[in-house]
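Below is protein.csv, which holds CSV, C-alpha atoms (C1' of nucleotides).
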```csv
chain,number,residue,atom,x,y,z
A,1,MET,CA,36.8,-17.5,-42.9
A,2,PRO,CA,33.5,-15.8,-42.6
A,3,ALA,CA,30.5,-17.2,-44.5
A,4,LYS,CA,29.6,-15.2,-47.6
A,5,ASP,CA,26.2,-14.0,-46.4
A,6,ALA,CA,27.7,-12.5,-43.2
A,7,PHE,CA,27.5,-8.8,-42.5
A,8,ALA,CA,28.7,-6.3,-39.9
A,9,ILE,CA,26.9,-4.5,-37.1
A,10,GLY,CA,26.1,-1.4,-39.2
A,11,ALA,CA,24.1,-3.5,-41.7
A,12,LEU,CA,22.2,-5.3,-38.9
A,13,SER,CA,21.4,-1.9,-37.4
A,14,GLU,CA,20.2,-0.7,-40.7
A,15,GLU,CA,18.1,-3.7,-41.3
A,16,THR,CA,16.4,-3.8,-37.9
A,17,GLY,CA,16.3,-0.1,-37.0
A,18,VAL,CA,18.1,-0.9,-33.8
A,19,ASN,CA,20.9,1.4,-32.8
A,20,ILE,CA,24.4,0.0,-33.0
A,21,GLU,CA,25.2,0.8,-29.4
A,22,THR,CA,22.0,-0.9,-28.4
A,23,ILE,CA,22.9,-4.1,-30.3
A,24,ARG,CA,26.2,-4.2,-28.5
A,25,TYR,CA,24.4,-3.5,-25.2
A,26,TYR,CA,22.0,-6.4,-25.9
A,27,GLU,CA,24.9,-8.7,-26.5
A,28,ARG,CA,26.7,-7.5,-23.4
A,29,ILE,CA,23.7,-8.3,-21.2
A,30,GLY,CA,23.2,-11.6,-22.8
A,31,LEU,CA,19.9,-10.8,-24.6
A,32,LEU,CA,21.6,-11.7,-27.9
A,33,ARG,CA,24.1,-14.4,-28.2
A,34,LYS,CA,27.7,-13.4,-28.7
A,35,ALA,CA,28.2,-12.7,-32.4
A,36,ALA,CA,30.8,-14.5,-34.4
A,37,ARG,CA,33.9,-12.4,-35.2
A,38,SER,CA,35.9,-11.6,-38.3
A,39,ALA,CA,39.7,-11.9,-38.2
A,40,ALA,CA,39.9,-8.3,-37.3
A,41,GLY,CA,37.4,-8.7,-34.4
A,42,TYR,CA,34.4,-7.3,-36.2
A,43,ARG,CA,31.0,-8.8,-35.2
A,44,LEU,CA,29.6,-10.9,-38.0
A,45,TYR,CA,25.9,-11.5,-38.4
A,46,ARG,CA,23.7,-13.7,-40.6
A,47,PRO,CA,20.1,-13.3,-41.8
A,48,GLY,CA,18.7,-15.2,-38.8
A,49,ASP,CA,20.1,-12.5,-36.5
A,50,VAL,CA,18.0,-10.0,-38.3
A,51,ALA,CA,14.9,-12.0,-37.5
A,52,ARG,CA,15.9,-12.4,-33.9
A,53,LEU,CA,16.6,-8.7,-33.4
A,54,CYS,CA,13.4,-7.7,-35.2
A,55,PHE,CA,11.6,-9.9,-32.7
A,56,VAL,CA,13.3,-8.1,-29.9
A,57,ARG,CA,12.5,-4.7,-31.4
A,58,ARG,CA,8.8,-5.5,-31.9
A,59,ALA,CA,8.5,-6.8,-28.4
A,60,ARG,CA,10.2,-3.6,-27.1
A,61,ASP,CA,7.8,-1.5,-29.2
A,62,LEU,CA,5.0,-3.2,-27.4
A,63,GLY,CA,6.5,-2.2,-24.2
A,64,PHE,CA,7.8,-5.5,-23.0
A,65,SER,CA,10.8,-5.2,-20.6
A,66,LEU,CA,14.1,-6.7,-21.6
A,67,GLU,CA,13.5,-9.4,-19.0
A,68,ASP,CA,10.2,-10.3,-20.6
A,69,VAL,CA,11.9,-10.3,-24.0
A,70,ARG,CA,14.5,-12.7,-22.8
A,71,ARG,CA,11.7,-15.0,-21.7
A,72,LEU,CA,9.8,-14.7,-24.9
A,73,LEU,CA,12.9,-15.4,-26.9
A,74,ALA,CA,13.5,-18.5,-24.8
A,75,LEU,CA,9.9,-19.7,-25.4
A,76,ALA,CA,10.1,-19.0,-29.1
A,77,ASP,CA,13.3,-21.0,-29.3
A,78,ARG,CA,12.3,-24.2,-27.7
A,79,GLU,CA,9.5,-25.9,-29.6
A,80,SER,CA,7.5,-26.9,-26.5
A,81,ARG,CA,3.9,-27.8,-27.0
A,82,SER,CA,2.0,-24.9,-25.7
A,83,CYS,CA,2.5,-21.1,-25.6
A,84,GLU,CA,0.8,-20.7,-22.2
A,85,GLY,CA,4.0,-19.1,-20.9
A,86,ALA,CA,4.0,-16.5,-23.6
A,87,LYS,CA,0.4,-15.8,-23.0
A,88,LYS,CA,1.0,-15.3,-19.3
A,89,ILE,CA,3.8,-12.8,-20.0
A,90,ALA,CA,1.7,-10.9,-22.4
A,91,GLU,CA,-1.3,-10.8,-20.2
A,92,ALA,CA,0.7,-9.5,-17.3
A,93,HIS,CA,2.2,-6.9,-19.5
A,94,LEU,CA,-1.2,-5.9,-20.8
A,95,GLU,CA,-2.4,-5.4,-17.3
A,96,GLU,CA,0.5,-3.0,-16.7
A,97,VAL,CA,-0.2,-1.1,-19.9
A,98,ARG,CA,-3.8,-0.7,-18.9
A,99,ALA,CA,-2.8,0.5,-15.4
A,100,LYS,CA,-0.5,3.1,-17.0
A,101,LEU,CA,-3.2,4.2,-19.3
A,102,VAL,CA,-5.5,4.9,-16.4
A,103,ASP,CA,-2.8,6.9,-14.7
A,104,LEU,CA,-1.9,8.8,-17.9
A,105,ARG,CA,-5.5,9.6,-18.7
A,106,GLN,CA,-5.9,11.0,-15.2
A,107,MET,CA,-2.8,13.1,-15.7
A,108,GLU,CA,-4.1,14.3,-19.0
A,109,ARG,CA,-7.5,15.4,-17.6
A,110,VAL,CA,-6.0,17.3,-14.7
A,111,LEU,CA,-3.3,18.9,-16.9
A,112,ALA,CA,-5.7,19.9,-19.6
A,113,ALA,CA,-8.1,21.5,-17.0
A,114,THR,CA,-5.2,23.3,-15.4
A,115,VAL,CA,-3.8,24.7,-18.6
A,116,LYS,CA,-7.2,25.8,-19.6
A,117,ALA,CA,-7.7,27.7,-16.4
A,118,CYS,CA,-4.3,29.3,-16.7
A,119,GLY,CA,-3.0,32.2,-18.7
A,120,ARG,CA,-4.9,35.0,-17.1
A,121,GLY,CA,-3.8,36.7,-13.9
A,122,THR,CA,-0.6,37.1,-12.1
A,123,VAL,CA,1.5,34.4,-10.4
A,124,PRO,CA,0.0,34.8,-7.0
A,125,ASP,CA,-3.4,34.0,-8.6
A,126,CYS,CA,-2.1,31.6,-11.2
A,127,PRO,CA,-4.5,28.7,-11.2
A,128,LEU,CA,-1.8,26.4,-12.5
A,129,LEU,CA,0.7,27.2,-9.8
A,130,GLY,CA,-2.1,27.5,-7.3
A,131,SER,CA,-3.4,24.1,-8.1
A,132,LEU,CA,0.0,22.7,-7.3
A,133,GLY,CA,-0.1,24.2,-3.9
A,134,ARG,CA,0.5,27.5,-2.2
A,135,LEU,CA,4.1,28.1,-1.1
A,136,THR,CA,4.6,29.9,2.2
B,1,MET,CA,18.9,26.6,18.8
B,2,PRO,CA,16.1,25.2,16.7
B,3,ALA,CA,12.8,26.9,16.5
B,4,LYS,CA,10.1,25.1,18.4
B,5,ASP,CA,8.0,24.3,15.4
B,6,ALA,CA,10.9,22.5,13.7
B,7,PHE,CA,10.7,18.8,12.9
B,8,ALA,CA,13.0,16.2,11.5
B,9,ILE,CA,13.0,14.5,8.1
B,10,GLY,CA,10.9,11.6,9.2
B,11,ALA,CA,8.0,13.9,10.1
B,12,LEU,CA,8.4,15.7,6.8
B,13,SER,CA,8.3,12.4,4.9
B,14,GLU,CA,5.2,11.4,6.9
B,15,GLU,CA,3.4,14.7,6.2
B,16,THR,CA,4.1,14.7,2.5
B,17,GLY,CA,4.2,11.1,1.6
B,18,VAL,CA,7.7,11.6,0.1
B,19,ASN,CA,10.3,9.0,0.9
B,20,ILE,CA,13.1,10.1,3.2
B,21,GLU,CA,15.7,9.0,0.8
B,22,THR,CA,13.9,11.0,-1.9
B,23,ILE,CA,13.9,14.1,0.2
B,24,ARG,CA,17.6,13.9,0.7
B,25,TYR,CA,18.0,13.3,-3.0
B,26,TYR,CA,16.0,16.4,-3.8
B,27,GLU,CA,18.2,18.4,-1.5
B,28,ARG,CA,21.3,16.9,-3.0
B,29,ILE,CA,20.4,17.9,-6.5
B,30,GLY,CA,19.3,21.3,-5.4
B,31,LEU,CA,15.6,20.9,-6.0
B,32,LEU,CA,15.0,21.7,-2.3
B,33,ARG,CA,17.1,24.2,-0.4
B,34,LYS,CA,19.6,22.9,2.1
B,35,ALA,CA,17.8,22.3,5.3
B,36,ALA,CA,18.8,23.9,8.6
B,37,ARG,CA,20.6,21.5,10.9
B,38,SER,CA,20.3,20.7,14.6
B,39,ALA,CA,23.4,20.6,16.9
B,40,ALA,CA,23.8,16.9,16.1
B,41,GLY,CA,23.5,17.5,12.3
B,42,TYR,CA,19.9,16.4,11.9
B,43,ARG,CA,18.0,18.2,9.1
B,44,LEU,CA,15.3,20.5,10.6
B,45,TYR,CA,12.2,21.5,8.7
B,46,ARG,CA,9.4,24.0,9.2
B,47,PRO,CA,5.8,24.0,8.0
B,48,GLY,CA,6.6,26.0,4.9
B,49,ASP,CA,8.8,23.1,3.8
B,50,VAL,CA,5.8,20.8,3.9
B,51,ALA,CA,4.0,23.1,1.4
B,52,ARG,CA,7.0,23.2,-0.8
B,53,LEU,CA,7.5,19.5,-0.9
B,54,CYS,CA,3.8,18.9,-1.5
B,55,PHE,CA,4.0,21.2,-4.5
B,56,VAL,CA,6.9,19.0,-5.8
B,57,ARG,CA,5.0,15.9,-5.1
B,58,ARG,CA,1.8,17.0,-6.9
B,59,ALA,CA,3.9,18.2,-9.9
B,60,ARG,CA,5.6,14.8,-10.0
B,61,ASP,CA,2.2,13.0,-9.8
B,62,LEU,CA,1.2,15.0,-12.8
B,63,GLY,CA,4.3,13.6,-14.5
B,64,PHE,CA,6.4,16.8,-14.6
B,65,SER,CA,10.2,16.1,-14.8
B,66,LEU,CA,12.3,17.3,-11.9
B,67,GLU,CA,13.7,19.9,-14.3
B,68,ASP,CA,10.2,21.2,-14.9
B,69,VAL,CA,9.5,21.1,-11.2
B,70,ARG,CA,12.5,23.2,-10.6
B,71,ARG,CA,11.3,25.8,-13.1
B,72,LEU,CA,7.8,25.7,-11.7
B,73,LEU,CA,9.1,26.3,-8.2
B,74,ALA,CA,11.2,29.2,-9.4
B,75,LEU,CA,8.1,30.7,-11.0
B,76,ALA,CA,6.0,30.2,-8.0
B,77,ASP,CA,8.6,31.9,-5.8
B,78,ARG,CA,9.1,35.1,-7.6
B,79,GLU,CA,5.9,37.2,-7.7
B,80,SER,CA,6.2,38.2,-11.3
B,81,ARG,CA,3.2,39.5,-13.0
B,82,SER,CA,2.2,36.7,-15.3
B,83,CYS,CA,2.2,32.9,-15.3
B,84,GLU,CA,2.9,32.6,-19.0
B,85,GLY,CA,6.0,30.6,-18.1
B,86,ALA,CA,4.1,28.1,-16.1
B,87,LYS,CA,1.5,27.7,-18.8
B,88,LYS,CA,4.2,27.0,-21.4
B,89,ILE,CA,5.8,24.3,-19.3
B,90,ALA,CA,2.4,22.7,-18.6
B,91,GLU,CA,1.4,22.8,-22.2
B,92,ALA,CA,4.6,21.3,-23.4
B,93,HIS,CA,4.2,18.5,-20.8
B,94,LEU,CA,0.6,18.0,-21.8
B,95,GLU,CA,1.7,17.4,-25.3
B,96,GLU,CA,4.1,14.8,-24.2
B,97,VAL,CA,1.5,13.1,-22.1
B,98,ARG,CA,-0.9,13.0,-25.0
B,99,ALA,CA,1.8,11.6,-27.3
B,100,LYS,CA,2.5,8.9,-24.7
B,101,LEU,CA,-1.2,8.2,-24.5
B,102,VAL,CA,-1.4,7.6,-28.2
B,103,ASP,CA,1.6,5.2,-28.0
B,104,LEU,CA,0.1,3.4,-25.1
B,105,ARG,CA,-3.3,3.0,-26.6
B,106,GLN,CA,-1.7,1.5,-29.7
B,107,MET,CA,0.3,-0.9,-27.5
B,108,GLU,CA,-2.9,-1.8,-25.7
B,109,ARG,CA,-4.8,-2.6,-28.9
B,110,VAL,CA,-2.1,-4.8,-30.3
B,111,LEU,CA,-1.4,-6.6,-27.1
B,112,ALA,CA,-5.1,-7.2,-26.4
B,113,ALA,CA,-5.6,-8.6,-29.9
B,114,THR,CA,-2.5,-10.8,-29.6
B,115,VAL,CA,-3.4,-12.2,-26.2
B,116,LYS,CA,-6.9,-12.9,-27.5
B,117,ALA,CA,-5.5,-14.9,-30.5
B,118,CYS,CA,-3.2,-16.8,-28.2
B,119,GLY,CA,-3.7,-19.7,-26.0
B,120,ARG,CA,-4.5,-22.4,-28.5
B,121,GLY,CA,-1.9,-24.4,-30.4
B,122,THR,CA,1.8,-25.1,-30.0
B,123,VAL,CA,4.7,-22.7,-30.0
B,124,PRO,CA,5.5,-23.1,-33.7
B,125,ASP,CA,1.9,-21.9,-34.3
B,126,CYS,CA,1.6,-19.6,-31.4
B,127,PRO,CA,0.0,-16.4,-32.7
B,128,LEU,CA,1.6,-14.3,-30.0
B,129,LEU,CA,5.2,-15.4,-30.7
B,130,GLY,CA,4.4,-15.6,-34.4
B,131,SER,CA,3.2,-12.0,-34.4
B,132,LEU,CA,6.5,-10.9,-32.9
B,133,GLY,CA,8.4,-12.6,-35.7
B,134,ARG,CA,9.5,-16.0,-36.8
B,135,LEU,CA,12.9,-17.0,-35.6
B,136,THR,CA,15.1,-18.9,-38.0
C,1,DG,C1',49.4,6.6,-49.3
C,2,DT,C1',45.9,8.8,-47.4
C,3,DT,C1',41.4,9.9,-46.3
C,4,DG,C1',37.1,8.8,-44.2
C,5,DA,C1',33.8,5.7,-42.7
C,6,DG,C1',33.1,1.8,-40.0
C,7,DT,C1',34.2,-0.9,-35.9
C,8,DC,C1',36.3,-2.1,-31.4
C,9,DT,C1',36.6,-1.8,-26.0
C,10,DG,C1',35.6,0.3,-21.9
C,11,DT,C1',33.7,3.7,-19.2
C,12,DA,C1',30.5,7.2,-17.8
C,13,DG,C1',26.3,9.7,-18.2
C,14,DT,C1',21.0,9.9,-18.3
C,15,DC,C1',16.4,10.0,-15.0
C,16,DG,C1',14.4,9.5,-10.6
C,17,DC,C1',14.8,7.3,-7.4
C,18,DT,C1',16.1,3.2,-3.9
C,19,DA,C1',19.0,0.5,-1.0
C,20,DC,C1',22.5,-0.4,1.4
C,21,DA,C1',26.9,0.0,4.9
C,22,DG,C1',28.6,1.7,8.8
C,23,DG,C1',28.3,5.1,12.0
C,24,DC,C1',26.2,8.7,15.3
C,25,DT,C1',22.0,10.4,18.2
C,26,DG,C1',17.8,10.6,20.8
C,27,DT,C1',14.5,8.5,23.7
C,28,DA,C1',12.3,5.0,26.6
C,29,DC,C1',12.6,1.7,30.0
C,30,DC,C1',14.8,-0.8,33.9
D,1,DG,C1',23.7,4.7,34.6
D,2,DG,C1',23.0,1.1,31.2
D,3,DT,C1',21.0,-0.7,27.2
D,4,DA,C1',18.1,-1.4,23.6
D,5,DC,C1',16.1,0.4,19.5
D,6,DA,C1',14.4,3.7,16.4
D,7,DG,C1',15.8,7.5,13.8
D,8,DC,C1',19.2,10.1,11.5
D,9,DC,C1',23.8,10.9,9.1
D,10,DT,C1',27.1,10.4,4.8
D,11,DG,C1',28.6,8.2,0.8
D,12,DT,C1',28.2,5.0,-2.6
D,13,DA,C1',26.2,1.7,-5.7
D,14,DG,C1',22.3,-0.2,-8.0
D,15,DC,C1',18.0,-0.2,-11.1
D,16,DG,C1',16.3,-0.2,-16.5
D,17,DA,C1',17.3,0.7,-21.0
D,18,DC,C1',19.9,2.8,-23.2
D,19,DT,C1',23.2,6.7,-25.1
D,20,DA,C1',27.6,9.0,-25.7
D,21,DC,C1',31.9,9.4,-25.6
D,22,DA,C1',37.5,8.5,-25.9
D,23,DG,C1',41.0,6.4,-28.1
D,24,DA,C1',42.4,2.8,-31.0
D,25,DC,C1',42.1,-0.2,-34.9
D,26,DT,C1',40.4,-1.7,-39.8
D,27,DC,C1',38.6,-1.5,-44.3
D,28,DA,C1',37.5,0.4,-48.9
D,29,DA,C1',38.1,3.8,-52.3
D,30,DC,C1',40.8,6.9,-54.7
```
Write out the structure in this file as structure tokens.
Amino acid sequence: MPAKDAFAIGALSEETGVNIETIRYYERIGLLRKAARSAAGYRLYRPGDVARLCFVRRARDLGFSLEDVRRLLALADRESRSCEGAKKIAEAHLEEVRAKLVDLRQMERVLAATVKACGRGTVPDCPLLGSLGRLT
Amino acid sequence: MPAKDAFAIGALSEETGVNIETIRYYERIGLLRKAARSAAGYRLYRPGDVARLCFVRRARDLGFSLEDVRRLLALADRESRSCEGAKKIAEAHLEEVRAKLVDLRQMERVLAATVKACGRGTVPDCPLLGSLGRLT
DNA sequence: GTTGAGTCTGTAGTCGCTACAGGCTGTACC
DNA sequence: GGTACAGCCTGTAGCGACTACAGACTCAAC
């Protein structure tokens, strides 16, 4: 018999803001442990699962990959004496984010300039299409 | 018989910096027209194809989706009288880029603060893991 | 009893490539 | 002519991180 504080996947989804399909996906790939089941085969969750999934969600919001999240969860689970591991993961990710920012800012600059130059003239003269390259 | 300025896919890849597999992929999904073939079935390209693929590459570098690229190519092809269409596509894309920039900057801020706070103390106290959520 | 919402599994689709396997071709050298 | 080796071919499957079904079952309310 299920414990009385257990709830189904819909409630977990509601609580955490994580899509039901995504929760099942996380279980399938082993990011979340296999949930307990009711007699009818429904997944049953308990309050601790909300915390765990919120952790995943926040990490995802910060752009960590699922592989990173997996490692962070493992680190959070075992009470080892330092969080050096977590820091390394976060630092590496921060580097990636910063690299992406550089790329994206560059894109933004070029796009903004291009759009600004556009909107007058015909296609053969269109600065936007022209800046992408002349087709022969 | 192939024209004398024709070249194979490897040369096109070299010229444009686009991976061979990617070129074939673009052809498969109809982004590039089907290439002419040699007697032995090798794809044959001409200088105009370099220009076209460079156009695609630059658009991709600016973050346009392949669907956008397809539309931009179509607009560049027909010599219609205005480039309003191209401008609309670029403006919409610019909006997306800016939205992503906002997200990424937010990520960067939070991550940087978290990493900074981390690196002293044990896992139960780790500010990084703690900031993601306490697991029960 | 019946409706409707919730849940289940399994599979396939998305985007934009990338990486094979297994075979043919083209060229250079001996 | 033989042989090595690079280059090209098709077709399929994989990546990450979901998302969207189909078709079946269950649960709660009326």
Chain A near chain C within 10 Å: what's each residue's closest atom pair and its distance in Å to one decimal, counting all atoms listed in the file, ordered by chain then ascending residue number, as a tab-separated table?
```
residue	atom	partner	partner_atom	distance
A:Ala8	CA	C:DT7	C1'	8.7
A:Ile9	CA	C:DT7	C1'	8.2
A:Gly10	CA	C:DG6	C1'	7.7
A:Ala40	CA	C:DC8	C1'	9.3
A:Gly41	CA	C:DC8	C1'	7.3
A:Tyr42	CA	C:DT7	C1'	6.4
A:Arg43	CA	C:DT7	C1'	8.6
```
Can you move chain A onto chain B by a least-squares fit over all C-alpha atoms paired in order, then give me the moved copy as a short mmCIF file (atom, residue, chain, number, x, y, z; two decimals) with C-alpha atoms, keeping the file's coordinate frame?
```cif
data_model
loop_
_atom_site.label_atom_id
_atom_site.label_comp_id
_atom_site.auth_asym_id
_atom_site.auth_seq_id
_atom_site.Cartn_x
_atom_site.Cartn_y
_atom_site.Cartn_z
CA MET A 1 18.81 26.46 18.99
CA PRO A 2 16.19 25.10 16.72
CA ALA A 3 12.82 26.87 16.50
CA LYS A 4 10.04 25.09 18.38
CA ASP A 5 7.93 24.20 15.35
CA ALA A 6 10.87 22.44 13.63
CA PHE A 7 10.75 18.76 12.83
CA ALA A 8 12.99 16.06 11.38
CA ILE A 9 13.04 14.35 8.00
CA GLY A 10 10.83 11.43 9.11
CA ALA A 11 7.97 13.81 9.99
CA LEU A 12 8.31 15.70 6.67
CA SER A 13 8.22 12.35 4.87
CA GLU A 14 5.17 11.40 6.76
CA GLU A 15 3.45 14.62 6.09
CA THR A 16 4.14 14.77 2.35
CA GLY A 17 4.21 11.07 1.45
CA VAL A 18 7.63 11.56 -0.01
CA ASN A 19 10.22 8.95 0.78
CA ILE A 20 13.03 9.99 3.07
CA GLU A 21 15.73 8.98 0.64
CA THR A 22 13.96 10.97 -2.02
CA ILE A 23 13.87 14.12 0.15
CA ARG A 24 17.58 13.82 0.68
CA TYR A 25 18.05 13.19 -3.07
CA TYR A 26 16.02 16.35 -3.84
CA GLU A 27 18.21 18.35 -1.55
CA ARG A 28 21.37 16.86 -3.00
CA ILE A 29 20.38 17.89 -6.53
CA GLY A 30 19.37 21.28 -5.44
CA LEU A 31 15.58 20.89 -5.99
CA LEU A 32 15.06 21.73 -2.30
CA ARG A 33 17.15 24.16 -0.48
CA LYS A 34 19.62 22.82 2.04
CA ALA A 35 17.73 22.20 5.28
CA ALA A 36 18.80 23.79 8.49
CA ARG A 37 20.57 21.42 10.91
CA SER A 38 20.23 20.53 14.57
CA ALA A 39 23.34 20.43 16.76
CA ALA A 40 23.66 16.80 16.04
CA GLY A 41 23.45 17.35 12.24
CA TYR A 42 19.84 16.33 11.85
CA ARG A 43 17.89 18.14 9.07
CA LEU A 44 15.32 20.47 10.54
CA TYR A 45 12.20 21.46 8.68
CA ARG A 46 9.37 23.95 9.20
CA PRO A 47 5.74 23.97 8.00
CA GLY A 48 6.62 25.90 4.82
CA ASP A 49 8.82 22.99 3.73
CA VAL A 50 5.82 20.78 3.83
CA ALA A 51 4.03 23.06 1.41
CA ARG A 52 7.02 23.23 -0.87
CA LEU A 53 7.49 19.46 -0.97
CA CYS A 54 3.77 18.86 -1.47
CA PHE A 55 4.05 21.14 -4.48
CA VAL A 56 6.89 19.08 -5.77
CA ARG A 57 5.00 15.83 -5.15
CA ARG A 58 1.84 17.03 -6.94
CA ALA A 59 3.83 18.22 -9.88
CA ARG A 60 5.62 14.82 -10.01
CA ASP A 61 2.24 13.06 -9.83
CA LEU A 62 1.26 14.97 -12.89
CA GLY A 63 4.26 13.71 -14.59
CA PHE A 64 6.36 16.81 -14.67
CA SER A 65 10.14 16.12 -14.81
CA LEU A 66 12.33 17.30 -11.99
CA GLU A 67 13.68 19.96 -14.35
CA ASP A 68 10.20 21.25 -15.00
CA VAL A 69 9.52 21.20 -11.26
CA ARG A 70 12.56 23.27 -10.59
CA ARG A 71 11.22 25.81 -13.07
CA LEU A 72 7.77 25.82 -11.65
CA LEU A 73 9.12 26.27 -8.17
CA ALA A 74 11.17 29.21 -9.39
CA LEU A 75 8.07 30.80 -11.02
CA ALA A 76 5.95 30.21 -7.96
CA ASP A 77 8.59 31.88 -5.82
CA ARG A 78 9.08 35.10 -7.60
CA GLU A 79 5.90 37.15 -7.69
CA SER A 80 6.26 38.24 -11.33
CA ARG A 81 3.19 39.52 -13.05
CA SER A 82 2.15 36.79 -15.32
CA CYS A 83 2.21 32.96 -15.23
CA GLU A 84 2.84 32.61 -18.98
CA GLY A 85 6.00 30.65 -18.17
CA ALA A 86 4.12 28.16 -16.09
CA LYS A 87 1.54 27.81 -18.74
CA LYS A 88 4.17 27.12 -21.37
CA ILE A 89 5.72 24.37 -19.22
CA ALA A 90 2.42 22.79 -18.61
CA GLU A 91 1.34 22.92 -22.17
CA ALA A 92 4.52 21.31 -23.34
CA HIS A 93 4.13 18.65 -20.77
CA LEU A 94 0.55 18.06 -21.79
CA GLU A 95 1.63 17.56 -25.33
CA GLU A 96 4.04 14.85 -24.16
CA VAL A 97 1.38 13.15 -22.07
CA ARG A 98 -0.93 13.09 -25.03
CA ALA A 99 1.83 11.67 -27.28
CA LYS A 100 2.44 8.90 -24.71
CA LEU A 101 -1.20 8.17 -24.52
CA VAL A 102 -1.37 7.61 -28.24
CA ASP A 103 1.58 5.28 -28.06
CA LEU A 104 0.19 3.41 -25.02
CA ARG A 105 -3.23 3.02 -26.55
CA GLN A 106 -1.61 1.54 -29.64
CA MET A 107 0.34 -0.85 -27.46
CA GLU A 108 -2.79 -1.79 -25.63
CA ARG A 109 -4.77 -2.58 -28.82
CA VAL A 110 -2.05 -4.73 -30.31
CA LEU A 111 -1.38 -6.52 -26.99
CA ALA A 112 -5.00 -7.17 -26.29
CA ALA A 113 -5.53 -8.60 -29.86
CA THR A 114 -2.45 -10.75 -29.47
CA VAL A 115 -3.39 -12.17 -26.11
CA LYS A 116 -6.81 -12.88 -27.38
CA ALA A 117 -5.50 -14.83 -30.30
CA CYS A 118 -3.14 -16.76 -28.09
CA GLY A 119 -3.60 -19.70 -25.80
CA ARG A 120 -4.45 -22.35 -28.31
CA GLY A 121 -1.84 -24.27 -30.28
CA THR A 122 1.74 -25.06 -29.82
CA VAL A 123 4.71 -22.65 -29.85
CA PRO A 124 5.50 -23.02 -33.48
CA ASP A 125 1.92 -21.81 -34.20
CA CYS A 126 1.66 -19.47 -31.26
CA PRO A 127 0.05 -16.34 -32.60
CA LEU A 128 1.66 -14.28 -29.87
CA LEU A 129 5.18 -15.43 -30.57
CA GLY A 130 4.41 -15.53 -34.25
CA SER A 131 3.25 -11.99 -34.27
CA LEU A 132 6.58 -10.98 -32.84
CA GLY A 133 8.37 -12.58 -35.68
CA ARG A 134 9.52 -15.98 -36.79
CA LEU A 135 12.98 -16.99 -35.54
CA THR A 136 15.16 -18.95 -37.95
#
```
Requested in this report: Select all residues from chain D having any atom no more than 12 Å from an atom of chain A (counting all atoms listed in the file, ignoring ligands), output as a ChimeraX atom specification.
Outcome: /D:16-21,25-27
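Reported to one decimal place, the separation of atom CA of B:Leu53 from atom C1' of D:DA6 is 24.4 Å.
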Requested in this report: Give me the residues within 9 Å of B:Gly85 as a VMD selection string, counting all atoms listed in the file and dropping any in the same chain fewer than 3 places off.
Outcome: chain B and resid 71 to 72 75 82 88 to 90
